[in-house]
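Shown below: coords06.cif, with mmCIF, C-alpha atoms.
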data_query
loop_
_atom_site.group_PDB
_atom_site.id
_atom_site.type_symbol
_atom_site.label_atom_id
_atom_site.label_comp_id
_atom_site.auth_asym_id
_atom_site.auth_seq_id
_atom_site.Cartn_x
_atom_site.Cartn_y
_atom_site.Cartn_z
ATOM 1 C CA MET A 815 -16.203 63.557 -66.684
ATOM 2 C CA ASN A 816 -15.313 66.591 -64.611
ATOM 3 C CA LYS A 817 -13.176 66.633 -61.478
ATOM 4 C CA ARG A 818 -16.132 66.570 -59.120
ATOM 5 C CA GLN A 819 -17.601 63.523 -60.883
ATOM 6 C CA LYS A 820 -14.249 61.727 -60.756
ATOM 7 C CA LEU A 821 -14.009 62.330 -57.009
ATOM 8 C CA PHE A 822 -17.549 61.038 -56.550
ATOM 9 C CA VAL A 823 -16.762 57.860 -58.509
ATOM 10 C CA ILE A 824 -13.557 57.286 -56.547
ATOM 11 C CA ALA A 825 -15.315 57.832 -53.205
ATOM 12 C CA THR A 826 -18.150 55.510 -54.185
ATOM 13 C CA THR A 827 -15.678 52.811 -55.269
ATOM 14 C CA VAL A 828 -13.798 53.066 -51.973
ATOM 15 C CA ILE A 829 -17.025 52.724 -49.999
ATOM 16 C CA VAL A 830 -18.166 49.731 -52.029
ATOM 17 C CA LEU A 831 -14.790 47.960 -51.735
ATOM 18 C CA THR A 832 -14.670 48.667 -47.999
ATOM 19 C CA ALA A 833 -18.121 47.156 -47.619
ATOM 20 C CA VAL A 834 -17.128 44.102 -49.662
ATOM 21 C CA PHE A 835 -13.950 43.512 -47.633
ATOM 22 C CA ALA A 836 -15.795 44.060 -44.352
ATOM 23 C CA THR A 837 -18.469 41.567 -45.361
ATOM 24 C CA ALA A 838 -15.851 39.024 -46.406
ATOM 25 C CA PHE A 839 -13.926 39.525 -43.155
ATOM 26 C CA TYR A 840 -17.096 39.200 -41.084
ATOM 27 C CA SER A 841 -18.053 36.034 -42.953
ATOM 28 C CA LEU A 842 -14.576 34.591 -42.363
ATOM 29 C CA GLN A 843 -14.822 35.361 -38.675
ATOM 30 C CA ASN A 844 -18.246 33.740 -38.486
ATOM 31 C CA LYS A 845 -16.964 30.703 -40.350
ATOM 32 C CA THR A 846 -14.040 30.476 -37.952
ATOM 33 C CA GLU A 847 -16.372 30.659 -34.946
ATOM 34 C CA ALA A 848 -18.748 28.153 -36.554
ATOM 35 C CA ASP A 849 -15.863 25.727 -37.094
ATOM 36 C CA LYS A 850 -14.926 25.753 -33.419
ATOM 37 C CA LEU A 851 -16.092 23.031 -31.074
ATOM 38 C CA LYS A 852 -19.078 24.264 -29.032
ATOM 39 C CA VAL A 853 -18.522 23.400 -25.381
ATOM 40 C CA VAL A 854 -20.984 24.062 -22.559
ATOM 41 C CA ALA A 855 -19.880 23.613 -18.941
ATOM 42 C CA THR A 856 -22.134 23.936 -15.927
ATOM 43 C CA PHE A 857 -19.872 26.139 -13.785
ATOM 44 C CA TYR A 858 -16.578 28.010 -13.533
ATOM 45 C CA PRO A 859 -13.855 25.432 -12.781
ATOM 46 C CA LEU A 860 -15.061 23.086 -15.521
ATOM 47 C CA ALA A 861 -15.347 25.955 -18.001
ATOM 48 C CA PHE A 862 -11.870 27.139 -16.973
ATOM 49 C CA PHE A 863 -10.359 23.684 -17.529
ATOM 50 C CA ALA A 864 -12.127 23.306 -20.884
ATOM 51 C CA GLN A 865 -10.841 26.682 -22.082
ATOM 52 C CA GLN A 866 -7.309 25.935 -20.921
ATOM 53 C CA ILE A 867 -7.308 22.669 -22.870
ATOM 54 C CA GLY A 868 -9.391 23.736 -25.860
ATOM 55 C CA GLY A 869 -7.809 27.124 -26.471
ATOM 56 C CA GLU A 870 -8.548 28.570 -29.898
ATOM 57 C CA GLN A 871 -10.263 25.411 -31.090
ATOM 58 C CA VAL A 872 -13.297 25.767 -28.809
ATOM 59 C CA THR A 873 -15.940 28.208 -27.681
ATOM 60 C CA VAL A 874 -16.886 27.649 -24.056
ATOM 61 C CA LYS A 875 -20.192 28.725 -22.538
ATOM 62 C CA GLN A 876 -20.462 28.654 -18.754
ATOM 63 C CA LEU A 877 -24.040 28.166 -17.569
ATOM 64 C CA ILE A 878 -23.858 29.273 -13.936
ATOM 65 C CA PRO A 879 -22.497 32.812 -13.513
ATOM 66 C CA ASP A 880 -19.261 33.276 -11.574
ATOM 67 C CA ASN A 881 -19.510 33.094 -7.797
ATOM 68 C CA THR A 882 -23.088 31.827 -7.736
ATOM 69 C CA GLU A 883 -24.418 29.026 -5.544
ATOM 70 C CA VAL A 884 -24.304 25.876 -7.673
ATOM 71 C CA HIS A 885 -26.564 23.381 -5.909
ATOM 72 C CA ASN A 886 -29.949 24.947 -6.614
ATOM 73 C CA TRP A 887 -29.339 27.098 -9.695
ATOM 74 C CA GLN A 888 -31.921 26.834 -12.488
ATOM 75 C CA PRO A 889 -31.167 27.320 -16.210
ATOM 76 C CA SER A 890 -32.983 29.719 -18.543
ATOM 77 C CA PHE A 891 -34.481 28.893 -21.938
ATOM 78 C CA GLY A 892 -31.335 30.346 -23.555
ATOM 79 C CA ASP A 893 -29.180 27.991 -21.499
ATOM 80 C CA ILE A 894 -31.201 24.984 -22.628
ATOM 81 C CA LEU A 895 -30.890 26.148 -26.246
ATOM 82 C CA ALA A 896 -27.095 26.412 -25.851
ATOM 83 C CA LEU A 897 -27.013 22.894 -24.432
ATOM 84 C CA ASP A 898 -29.067 21.620 -27.341
ATOM 85 C CA GLU A 899 -26.619 23.165 -29.834
ATOM 86 C CA ALA A 900 -23.453 22.061 -28.004
ATOM 87 C CA ASP A 901 -20.934 19.526 -29.278
ATOM 88 C CA VAL A 902 -19.565 18.762 -25.813
ATOM 89 C CA ILE A 903 -21.448 19.169 -22.528
ATOM 90 C CA ILE A 904 -19.508 19.066 -19.267
ATOM 91 C CA TYR A 905 -20.937 18.731 -15.774
ATOM 92 C CA ASN A 906 -19.529 17.895 -12.374
ATOM 93 C CA GLY A 907 -21.675 15.015 -11.146
ATOM 94 C CA ALA A 908 -21.579 13.633 -7.592
ATOM 95 C CA SER A 909 -25.019 15.292 -7.171
ATOM 96 C CA LEU A 910 -23.560 18.807 -7.318
ATOM 97 C CA ASP A 911 -25.404 19.874 -10.469
ATOM 98 C CA HIS A 912 -28.268 17.427 -9.920
ATOM 99 C CA TRP A 913 -30.677 19.778 -11.707
ATOM 100 C CA PHE A 914 -28.747 19.043 -14.905
ATOM 101 C CA GLU A 915 -28.997 15.287 -14.543
ATOM 102 C CA ASP A 916 -32.601 15.274 -13.340
ATOM 103 C CA ASP A 917 -34.267 18.072 -15.299
ATOM 104 C CA ILE A 918 -32.118 19.056 -18.296
ATOM 105 C CA LEU A 919 -30.394 15.973 -19.643
ATOM 106 C CA PRO A 920 -33.648 14.120 -20.384
ATOM 107 C CA THR A 921 -34.987 17.092 -22.404
ATOM 108 C CA ILE A 922 -32.112 17.697 -24.834
ATOM 109 C CA ASP A 923 -31.145 15.821 -27.982
ATOM 110 C CA SER A 924 -28.023 13.932 -26.932
ATOM 111 C CA SER A 925 -27.317 12.454 -30.362
ATOM 112 C CA ASN A 926 -23.989 13.500 -31.861
ATOM 113 C CA LYS A 927 -22.897 15.037 -28.545
ATOM 114 C CA ILE A 928 -20.307 14.107 -25.969
ATOM 115 C CA ILE A 929 -21.787 14.467 -22.481
ATOM 116 C CA ILE A 930 -19.140 14.068 -19.822
ATOM 117 C CA GLU A 931 -19.613 13.674 -16.086
ATOM 118 C CA THR A 932 -16.207 14.830 -14.928
ATOM 119 C CA THR A 933 -16.272 12.880 -11.660
ATOM 120 C CA GLU A 934 -16.670 9.584 -13.522
ATOM 121 C CA GLY A 935 -13.886 7.301 -12.315
ATOM 122 C CA VAL A 936 -13.040 9.575 -9.384
ATOM 123 C CA ASN A 937 -12.811 8.046 -5.906
ATOM 124 C CA LEU A 938 -15.620 10.005 -4.254
ATOM 125 C CA LEU A 939 -15.863 10.570 -0.518
ATOM 126 C CA GLU A 940 -19.027 9.494 1.214
ATOM 127 C CA THR A 941 -20.760 12.293 3.075
ATOM 128 C CA GLU A 942 -20.219 12.550 6.791
ATOM 129 C CA GLN A 943 -22.942 14.573 8.445
ATOM 130 C CA GLU A 944 -20.807 15.365 11.480
ATOM 131 C CA ASN A 945 -22.909 18.280 12.631
ATOM 132 C CA ASN A 946 -26.342 16.692 12.204
ATOM 133 C CA GLU A 947 -26.169 15.411 15.760
ATOM 134 C CA HIS A 948 -25.820 19.024 16.842
ATOM 135 C CA ASP A 949 -29.311 20.023 15.711
ATOM 136 C CA GLN A 950 -28.712 21.002 12.092
ATOM 137 C CA ASP A 951 -32.030 21.912 10.482
ATOM 138 C CA HIS A 952 -31.179 20.518 7.032
ATOM 139 C CA GLU A 953 -29.466 17.408 5.772
ATOM 140 C CA TYR A 954 -27.650 17.011 2.479
ATOM 141 C CA GLU A 955 -29.322 14.178 0.602
ATOM 142 C CA GLY A 956 -26.419 13.194 -1.684
ATOM 143 C CA LEU A 957 -24.366 10.093 -1.007
ATOM 144 C CA TYR A 958 -21.032 11.759 -1.817
ATOM 145 C CA ASP A 959 -19.234 15.005 -1.187
ATOM 146 C CA PRO A 960 -19.606 16.911 -4.491
ATOM 147 C CA HIS A 961 -16.838 19.515 -3.935
ATOM 148 C CA THR A 962 -14.228 17.584 -5.908
ATOM 149 C CA TRP A 963 -12.666 20.462 -7.867
ATOM 150 C CA ILE A 964 -11.420 22.127 -4.659
ATOM 151 C CA SER A 965 -8.665 19.497 -4.461
ATOM 152 C CA PRO A 966 -6.050 19.952 -7.203
ATOM 153 C CA PHE A 967 -5.381 16.212 -7.093
ATOM 154 C CA ILE A 968 -9.023 15.394 -7.916
ATOM 155 C CA ALA A 969 -9.448 18.380 -10.235
ATOM 156 C CA LYS A 970 -6.634 17.008 -12.388
ATOM 157 C CA GLN A 971 -8.662 13.833 -12.903
ATOM 158 C CA GLN A 972 -11.713 15.878 -13.854
ATOM 159 C CA ALA A 973 -9.671 17.937 -16.310
ATOM 160 C CA GLN A 974 -8.325 14.753 -17.879
ATOM 161 C CA ASN A 975 -11.906 13.606 -18.481
ATOM 162 C CA ILE A 976 -12.541 16.940 -20.217
ATOM 163 C CA TYR A 977 -9.407 16.525 -22.346
ATOM 164 C CA GLU A 978 -10.477 13.056 -23.418
ATOM 165 C CA SER A 979 -13.956 14.295 -24.340
ATOM 166 C CA LEU A 980 -12.520 17.040 -26.579
ATOM 167 C CA VAL A 981 -10.235 14.578 -28.319
ATOM 168 C CA GLN A 982 -13.082 12.132 -28.796
ATOM 169 C CA LYS A 983 -15.254 14.772 -30.445
ATOM 170 C CA ASP A 984 -12.481 16.503 -32.388
ATOM 171 C CA PRO A 985 -9.671 13.991 -33.089
ATOM 172 C CA ASN A 986 -8.247 16.169 -35.872
ATOM 173 C CA ASN A 987 -6.884 18.509 -33.190
ATOM 174 C CA LEU A 988 -5.410 15.774 -30.995
ATOM 175 C CA ASP A 989 -1.892 17.245 -30.945
ATOM 176 C CA TYR A 990 -3.166 20.733 -30.078
ATOM 177 C CA TYR A 991 -5.342 19.509 -27.202
ATOM 178 C CA THR A 992 -2.638 17.162 -25.937
ATOM 179 C CA GLU A 993 -0.007 19.881 -25.726
ATOM 180 C CA ARG A 994 -2.336 22.175 -23.809
ATOM 181 C CA TRP A 995 -3.501 19.346 -21.547
ATOM 182 C CA GLN A 996 0.082 18.467 -20.677
ATOM 183 C CA ASN A 997 0.696 22.095 -19.658
ATOM 184 C CA LEU A 998 -2.433 22.108 -17.495
ATOM 185 C CA LYS A 999 -1.551 18.722 -16.010
ATOM 186 C CA THR A 1000 1.851 20.086 -15.006
ATOM 187 C CA GLN A 1001 0.177 23.010 -13.214
ATOM 188 C CA PHE A 1002 -2.021 20.599 -11.249
ATOM 189 C CA GLU A 1003 0.920 18.397 -10.318
ATOM 190 C CA GLU A 1004 3.042 21.343 -9.200
ATOM 191 C CA LEU A 1005 0.163 22.639 -7.088
ATOM 192 C CA ASP A 1006 -0.440 19.217 -5.563
ATOM 193 C CA ASN A 1007 3.247 18.931 -4.691
ATOM 194 C CA ASN A 1008 3.172 22.406 -3.155
ATOM 195 C CA TYR A 1009 0.277 21.340 -0.916
ATOM 196 C CA LEU A 1010 2.017 18.124 0.084
ATOM 197 C CA SER A 1011 5.325 19.810 0.895
ATOM 198 C CA GLY A 1012 3.818 22.991 2.320
ATOM 199 C CA LEU A 1013 1.615 21.141 4.808
ATOM 200 C CA SER A 1014 4.099 18.404 5.681
ATOM 201 C CA THR A 1015 5.353 20.451 8.638
ATOM 202 C CA LYS A 1016 1.910 21.336 10.039
ATOM 203 C CA ALA A 1017 1.677 21.482 13.818
ATOM 204 C CA LYS A 1018 -2.125 21.224 13.977
ATOM 205 C CA GLU A 1019 -4.530 18.685 12.512
ATOM 206 C CA GLU A 1020 -7.874 20.550 12.425
ATOM 207 C CA ILE A 1021 -9.367 23.523 10.632
ATOM 208 C CA PHE A 1022 -12.681 25.230 11.347
ATOM 209 C CA VAL A 1023 -14.768 26.426 8.423
ATOM 210 C CA THR A 1024 -18.174 27.961 7.876
ATOM 211 C CA HIS A 1025 -19.048 25.418 5.156
ATOM 212 C CA SER A 1026 -17.682 21.868 5.156
ATOM 213 C CA ALA A 1027 -16.666 21.827 1.498
ATOM 214 C CA PHE A 1028 -12.998 20.905 1.901
ATOM 215 C CA GLY A 1029 -13.231 17.167 2.479
ATOM 216 C CA TYR A 1030 -11.108 16.263 -0.544
ATOM 217 C CA LEU A 1031 -8.371 18.664 0.543
ATOM 218 C CA ALA A 1032 -8.467 17.255 4.060
ATOM 219 C CA ASP A 1033 -8.367 13.666 2.796
ATOM 220 C CA ARG A 1034 -5.446 14.288 0.450
ATOM 221 C CA TYR A 1035 -3.296 16.476 2.690
ATOM 222 C CA GLY A 1036 -3.915 14.954 6.093
ATOM 223 C CA PHE A 1037 -6.086 17.200 8.239
ATOM 224 C CA GLU A 1038 -9.691 17.372 9.479
ATOM 225 C CA GLN A 1039 -12.323 19.997 8.824
ATOM 226 C CA HIS A 1040 -15.097 21.025 11.214
ATOM 227 C CA GLY A 1041 -17.871 23.183 9.822
ATOM 228 C CA VAL A 1042 -20.663 25.414 11.013
ATOM 229 C CA ILE A 1043 -22.723 23.761 8.271
ATOM 230 C CA GLY A 1044 -22.112 20.546 6.414
ATOM 231 C CA ILE A 1045 -22.082 19.731 2.702
ATOM 232 C CA SER A 1046 -25.152 21.763 1.768
ATOM 233 C CA ALA A 1047 -25.095 25.555 1.709
ATOM 234 C CA ASP A 1048 -28.819 25.501 2.603
ATOM 235 C CA GLU A 1049 -28.295 24.336 6.169
ATOM 236 C CA GLN A 1050 -29.180 26.575 9.087
ATOM 237 C CA PRO A 1051 -26.885 26.101 12.095
ATOM 238 C CA SER A 1052 -28.329 26.034 15.589
ATOM 239 C CA ALA A 1053 -26.953 27.663 18.719
ATOM 240 C CA SER A 1054 -25.694 24.279 19.936
ATOM 241 C CA THR A 1055 -23.567 23.989 16.792
ATOM 242 C CA TYR A 1056 -21.706 27.180 17.654
ATOM 243 C CA VAL A 1057 -21.248 26.083 21.263
ATOM 244 C CA HIS A 1058 -19.826 22.748 20.126
ATOM 245 C CA LEU A 1059 -17.371 24.352 17.674
ATOM 246 C CA VAL A 1060 -16.190 26.991 20.127
ATOM 247 C CA GLU A 1061 -15.503 24.268 22.699
ATOM 248 C CA MET A 1062 -13.526 22.285 20.107
ATOM 249 C CA MET A 1063 -11.518 25.321 19.054
ATOM 250 C CA MET A 1064 -10.623 26.093 22.642
ATOM 251 C CA ASP A 1065 -9.651 22.463 23.273
ATOM 252 C CA HIS A 1066 -7.358 22.533 20.212
ATOM 253 C CA GLU A 1067 -6.151 26.085 20.901
ATOM 254 C CA THR A 1068 -7.076 27.009 17.344
ATOM 255 C CA TYR A 1069 -7.957 30.636 16.652
ATOM 256 C CA VAL A 1070 -8.478 30.731 12.883
ATOM 257 C CA VAL A 1071 -11.842 30.541 11.108
ATOM 258 C CA TYR A 1072 -12.137 30.042 7.336
ATOM 259 C CA VAL A 1073 -14.880 31.477 5.153
ATOM 260 C CA ASP A 1074 -15.432 31.506 1.407
ATOM 261 C CA PRO A 1075 -15.926 35.123 0.263
ATOM 262 C CA VAL A 1076 -18.838 34.098 -2.008
ATOM 263 C CA TYR A 1077 -20.957 33.636 1.104
ATOM 264 C CA ALA A 1078 -21.853 35.990 3.937
ATOM 265 C CA ASP A 1079 -19.511 35.817 6.916
ATOM 266 C CA GLU A 1080 -22.075 36.039 9.746
ATOM 267 C CA SER A 1081 -21.239 32.509 10.905
ATOM 268 C CA ALA A 1082 -17.530 33.278 11.008
ATOM 269 C CA GLN A 1083 -18.170 36.511 12.899
ATOM 270 C CA THR A 1084 -20.351 34.675 15.415
ATOM 271 C CA LEU A 1085 -17.647 32.071 15.993
ATOM 272 C CA ARG A 1086 -14.948 34.706 16.350
ATOM 273 C CA ASN A 1087 -16.932 36.853 18.780
ATOM 274 C CA GLU A 1088 -17.827 33.948 21.033
ATOM 275 C CA LEU A 1089 -14.346 32.435 20.910
ATOM 276 C CA GLU A 1090 -12.668 35.752 21.695
ATOM 277 C CA ARG A 1091 -15.109 36.342 24.553
ATOM 278 C CA LEU A 1092 -14.442 32.980 26.159
ATOM 279 C CA SER A 1093 -10.740 32.552 25.399
ATOM 280 C CA GLY A 1094 -9.423 36.096 25.474
ATOM 281 C CA GLN A 1095 -7.474 35.288 22.293
ATOM 282 C CA ASP A 1096 -7.518 37.202 19.009
ATOM 283 C CA VAL A 1097 -9.243 35.181 16.305
ATOM 284 C CA GLN A 1098 -8.445 35.483 12.583
ATOM 285 C CA ILE A 1099 -10.989 35.103 9.794
ATOM 286 C CA LEU A 1100 -9.214 33.954 6.631
ATOM 287 C CA LYS A 1101 -10.490 33.441 3.107
ATOM 288 C CA PHE A 1102 -10.861 29.907 1.794
ATOM 289 C CA TYR A 1103 -11.944 30.026 -1.830
ATOM 290 C CA PHE A 1104 -14.372 27.574 -3.435
ATOM 291 C CA MET A 1105 -13.081 28.580 -6.909
ATOM 292 C CA LEU A 1106 -16.571 29.358 -8.224
ATOM 293 C CA GLY A 1107 -15.314 32.208 -10.410
ATOM 294 C CA ASP A 1108 -12.586 34.815 -10.751
ATOM 295 C CA MET A 1109 -12.345 36.759 -7.495
ATOM 296 C CA ASP A 1110 -9.954 39.283 -5.977
ATOM 297 C CA GLY A 1111 -8.062 39.281 -9.272
ATOM 298 C CA LEU A 1112 -7.337 35.558 -8.920
ATOM 299 C CA ASP A 1113 -8.261 32.744 -11.306
ATOM 300 C CA TYR A 1114 -8.623 29.076 -10.319
ATOM 301 C CA PHE A 1115 -4.915 28.516 -9.702
ATOM 302 C CA GLY A 1116 -4.418 31.870 -8.000
ATOM 303 C CA GLN A 1117 -7.175 31.036 -5.531
ATOM 304 C CA GLN A 1118 -5.674 27.589 -4.933
ATOM 305 C CA GLU A 1119 -2.338 29.159 -4.074
ATOM 306 C CA LYS A 1120 -4.010 31.613 -1.687
ATOM 307 C CA ASN A 1121 -5.890 28.741 -0.046
ATOM 308 C CA LEU A 1122 -2.600 26.949 0.582
ATOM 309 C CA GLU A 1123 -1.060 30.098 2.019
ATOM 310 C CA ASN A 1124 -3.990 30.510 4.432
ATOM 311 C CA LEU A 1125 -4.083 26.818 5.290
ATOM 312 C CA LYS A 1126 -0.472 26.984 6.383
ATOM 313 C CA ILE A 1127 -1.425 29.751 8.823
ATOM 314 C CA GLY A 1128 -4.307 27.803 10.387
ATOM 315 C CA LEU A 1129 -2.395 24.527 10.550
ATOM 316 C CA GLU A 1130 0.766 26.275 11.751
ATOM 317 C CA ALA A 1131 2.928 24.847 8.980
ATOM 318 C CA SER A 1132 6.405 26.309 8.845
#
Re-express the file's structure as structure tokens.
Amino acid sequence: MNKRQKLFVIATTVIVLTAVFATAFYSLQNKTEADKLKVVATFYPLAFFAQQIGGEQVTVKQLIPDNTEVHNWQPSFGDILALDEADVIIYNGASLDHWFEDDILPTIDSSNKIIIETTEGVNLLETEQENNEHDQDHEYEGLYDPHTWISPFIAKQQAQNIYESLVQKDPNNLDYYTERWQNLKTQFEELDNNYLSGLSTKAKEEIFVTHSAFGYLADRYGFEQHGVIGISADEQPSASTYVHLVEMMMDHETYVVYVDPVYADESAQTLRNELERLSGQDVQILKFYFMLGDMDGLDYFGQQEKNLENLKIGLEAS
């Protein structure tokens, strides 16, 4: 065998061994992924909680893309396939993701799956259609306010339901899930305490929002919300609604309007323009996140902290 032939043999051997090792590594990776618990969550906060608790032991698929309206979203065929292959399926309940309960759940094979409604056991708030008397063109048909995850106190209960579902499906990793759940639980409790202490010195009792999605925050931390629209994002406010809110804001000498950046801010701009015209005061428009996805470089907890910071401004908490 000459030198050229030896080099050819060596090169061929290296290529073959590289291919063998690459195939083995790829197979190991696939096996590792296949061994993980397959979790599907309907939208961002539930997927976020599941990933925080499940860590390396789970793969989490989020059905609704970040910062997308939840109420009327419709799944694709690929989404239904993912649900059919899932080990654990997580949804909000309280009629938020009603399309899942009404249209999807009856069509998938639920055997050998854990399907968890995260608001099960939660003390839900009945809807109060405050603005319907002011000529709203649409009424929310649900019995309860579905925006539970916006309150850290309620979100902690939802996350605990997720933790328990993972343990039920994968008891071999109980210690792993429990350690991560305890860390997440501590974050919720610290945030809840920050809200309680941060708003304990508030000088005002009302906030004015474009979408009345903050009922659980208001109930927990002792203030009232007044919205351009009510529970449903589909509502169309009338002129009388704006007149009513501007009058209330002037009566309460409140010059802050809150808007979630996922939605257009026309309603907030209309309120500000009319209030400034009638009162002569400068009016602030502040962000109030719904936590429907990462935004402005902030995850769920970052957005919660920013909400508290902005709430303290509107409620004049020292």
How many Å separate CA of Leu919 (chain A) from CA of Thr873 (chain A)?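 Taking CA of Leu919 (chain A) as the start and CA of Thr873 (chain A) as the end point, the length is 20.6 Å.
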Written as JSON, numbers by chain, which residues does the PyMOL selection byres ((chain A and resi 920-932) around 7) give for the file shown? {"A": [898, 901, 902, 903, 904, 905, 906, 907, 917, 918, 919, 933, 934, 972, 975, 976, 979, 983]}
Selection result of the PyMOL selection byres ((chain A and resi 959-967) around 8) on this file, as a compact mmCIF listing (two decimals) with C-alpha atoms, in the frame of the given file:
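result-v6.txt, written as the output of this step:
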# COMPACT_ATOMS: atom_id res chain seq x y z
CA PRO A 859 -13.86 25.43 -12.78
CA ASN A 906 -19.53 17.90 -12.37
CA GLY A 907 -21.68 15.02 -11.15
CA ALA A 908 -21.58 13.63 -7.59
CA SER A 909 -25.02 15.29 -7.17
CA LEU A 910 -23.56 18.81 -7.32
CA THR A 933 -16.27 12.88 -11.66
CA LEU A 938 -15.62 10.01 -4.25
CA LEU A 939 -15.86 10.57 -0.52
CA GLU A 940 -19.03 9.49 1.21
CA THR A 941 -20.76 12.29 3.08
CA GLY A 956 -26.42 13.19 -1.68
CA LEU A 957 -24.37 10.09 -1.01
CA TYR A 958 -21.03 11.76 -1.82
CA ILE A 968 -9.02 15.39 -7.92
CA ALA A 969 -9.45 18.38 -10.24
CA LYS A 970 -6.63 17.01 -12.39
CA GLN A 971 -8.66 13.83 -12.90
CA GLN A 972 -11.71 15.88 -13.85
CA PHE A 1002 -2.02 20.60 -11.25
CA GLU A 1003 0.92 18.40 -10.32
CA LEU A 1005 0.16 22.64 -7.09
CA ASP A 1006 -0.44 19.22 -5.56
CA ALA A 1027 -16.67 21.83 1.50
CA PHE A 1028 -13.00 20.90 1.90
CA GLY A 1029 -13.23 17.17 2.48
CA TYR A 1030 -11.11 16.26 -0.54
CA LEU A 1031 -8.37 18.66 0.54
CA ARG A 1034 -5.45 14.29 0.45
CA ILE A 1045 -22.08 19.73 2.70
CA PHE A 1104 -14.37 27.57 -3.44
CA MET A 1105 -13.08 28.58 -6.91
CA GLN A 1118 -5.67 27.59 -4.93
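Taking CA of Asn1087 (chain A) and CA of Asn1121 (chain A) as the two end points, the separation is 23.3 Å.
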Of the residues A:Glu870, A:Glu1004, A:Ala864, A:Tyr1114, which is the one nearest to Asn987 (chain A), using all atoms listed in the file?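 Among the listed residues, the smallest separation from Asn987 (chain A) belongs to A:Glu870.
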Non-local contacts of Asp880 (chain A) (12 Å; all atoms listed in the file; under 3 positions in same chain excluded) as a list in words: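 Residues near the query, excluding close chain neighbours: Thr856, Phe857, Tyr858, Pro859, Leu860, Ala861, Phe862, Lys875, Gln876, Leu877, Glu883, Val884, Trp887, Val1076, Phe1104, Met1105, Leu1106, Gly1107, Asp1108, Met1109, Asp1113 and Tyr1114 of chain A.
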Selected residues written out with C-alpha atoms, as a PDB file, in the coordinates of the input:
ATOM      1  CA  THR A 856     -22.134  23.936 -15.927  1.00  0.00           C
ATOM      2  CA  PHE A 857     -19.872  26.139 -13.785  1.00  0.00           C
ATOM      3  CA  TYR A 858     -16.578  28.010 -13.533  1.00  0.00           C
ATOM      4  CA  PRO A 859     -13.855  25.432 -12.781  1.00  0.00           C
ATOM      5  CA  LEU A 860     -15.061  23.086 -15.521  1.00  0.00           C
ATOM      6  CA  ALA A 861     -15.347  25.955 -18.001  1.00  0.00           C
ATOM      7  CA  PHE A 862     -11.870  27.139 -16.973  1.00  0.00           C
ATOM      8  CA  LYS A 875     -20.192  28.725 -22.538  1.00  0.00           C
ATOM      9  CA  GLN A 876     -20.462  28.654 -18.754  1.00  0.00           C
ATOM     10  CA  LEU A 877     -24.040  28.166 -17.569  1.00  0.00           C
ATOM     11  CA  GLU A 883     -24.418  29.026  -5.544  1.00  0.00           C
ATOM     12  CA  VAL A 884     -24.304  25.876  -7.673  1.00  0.00           C
ATOM     13  CA  TRP A 887     -29.339  27.098  -9.695  1.00  0.00           C
ATOM     14  CA  VAL A1076     -18.838  34.098  -2.008  1.00  0.00           C
ATOM     15  CA  PHE A1104     -14.372  27.574  -3.435  1.00  0.00           C
ATOM     16  CA  MET A1105     -13.081  28.580  -6.909  1.00  0.00           C
ATOM     17  CA  LEU A1106     -16.571  29.358  -8.224  1.00  0.00           C
ATOM     18  CA  GLY A1107     -15.314  32.208 -10.410  1.00  0.00           C
ATOM     19  CA  ASP A1108     -12.586  34.815 -10.751  1.00  0.00           C
ATOM     20  CA  MET A1109     -12.345  36.759  -7.495  1.00  0.00           C
ATOM     21  CA  ASP A1113      -8.261  32.744 -11.306  1.00  0.00           C
ATOM     22  CA  TYR A1114      -8.623  29.076 -10.319  1.00  0.00           C
TER      23      TYR A1114
END
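Proximity to Ala1032 (chain A) was assessed for A:Tyr991, A:Tyr1077, A:Phe914, A:Tyr1009 counting all atoms listed in the file; the smallest distance is recorded for A:Tyr1009.
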For each of A:Val1042, A:Val936, A:Leu980, A:Met1062, take the minimum atom-to-atom distance to Lys852 (chain A), counting all atoms listed in the file, then give the residue where this is smallest.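 The closest residue to Lys852 (chain A) is A:Leu980.
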I need the output of the PyMOL selection byres ((chain A and resi 1024) around 6) for this file as a VMD selection string; which residues are they? chain A and resid 1023 1025 1041 to 1042 1073
Would you mind reading off the distance between CA of Glu1119 (chain A) and CA of His1040 (chain A), one decimal, in Å? 21.5 Å
Residues within 8 Å of (-27.0, 27.3, 13.8), file coordinates, counting all atoms listed in the file: what are they? Give the list as a list in words. Asp949, Gln950, Val1042, Ile1043, Gln1050, Pro1051, Ser1052, Ala1053, Ser1054, Thr1055 and Tyr1056 of chain A
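The nearest approach to Gln982 (chain A) among the residues A:Gly892, A:Glu1123, A:Asp1065, A:Leu851, with only C-alpha atoms taken into account, belongs to A:Leu851.
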Find the axis-aligned box for region 900-914 of chain A, covering all its listed atoms and adding 6 Å on each side, and write its centre and edge lengths in Å to one decimal as AutoDock Vina command-line options.
--center_x -25.1 --center_y 17.8 --center_z -18.2 --size_x 23.2 --size_y 20.4 --size_z 34.1
Of the candidates A:Val1097, A:Gln974, A:His885, A:Gly868, which one gets nearest to Gly935 (chain A) if we count all atoms listed in the file? A:Gln974
Take the point (-11.0, 17.6, 11.6) as written in the file and pick out every residue within 9 Å of it, counting only C-alpha atoms; give the list as a tab-separated table (two decimals) with C-alpha atoms, keeping the file's coordinate frame.
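Wrote result-v6.tsv, looks like this:
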chain	number	residue	atom	x	y	z
A	1019	GLU	CA	-4.53	18.68	12.51
A	1020	GLU	CA	-7.87	20.55	12.42
A	1021	ILE	CA	-9.37	23.52	10.63
A	1022	PHE	CA	-12.68	25.23	11.35
A	1032	ALA	CA	-8.47	17.26	4.06
A	1037	PHE	CA	-6.09	17.20	8.24
A	1038	GLU	CA	-9.69	17.37	9.48
A	1039	GLN	CA	-12.32	20.00	8.82
A	1040	HIS	CA	-15.10	21.02	11.21
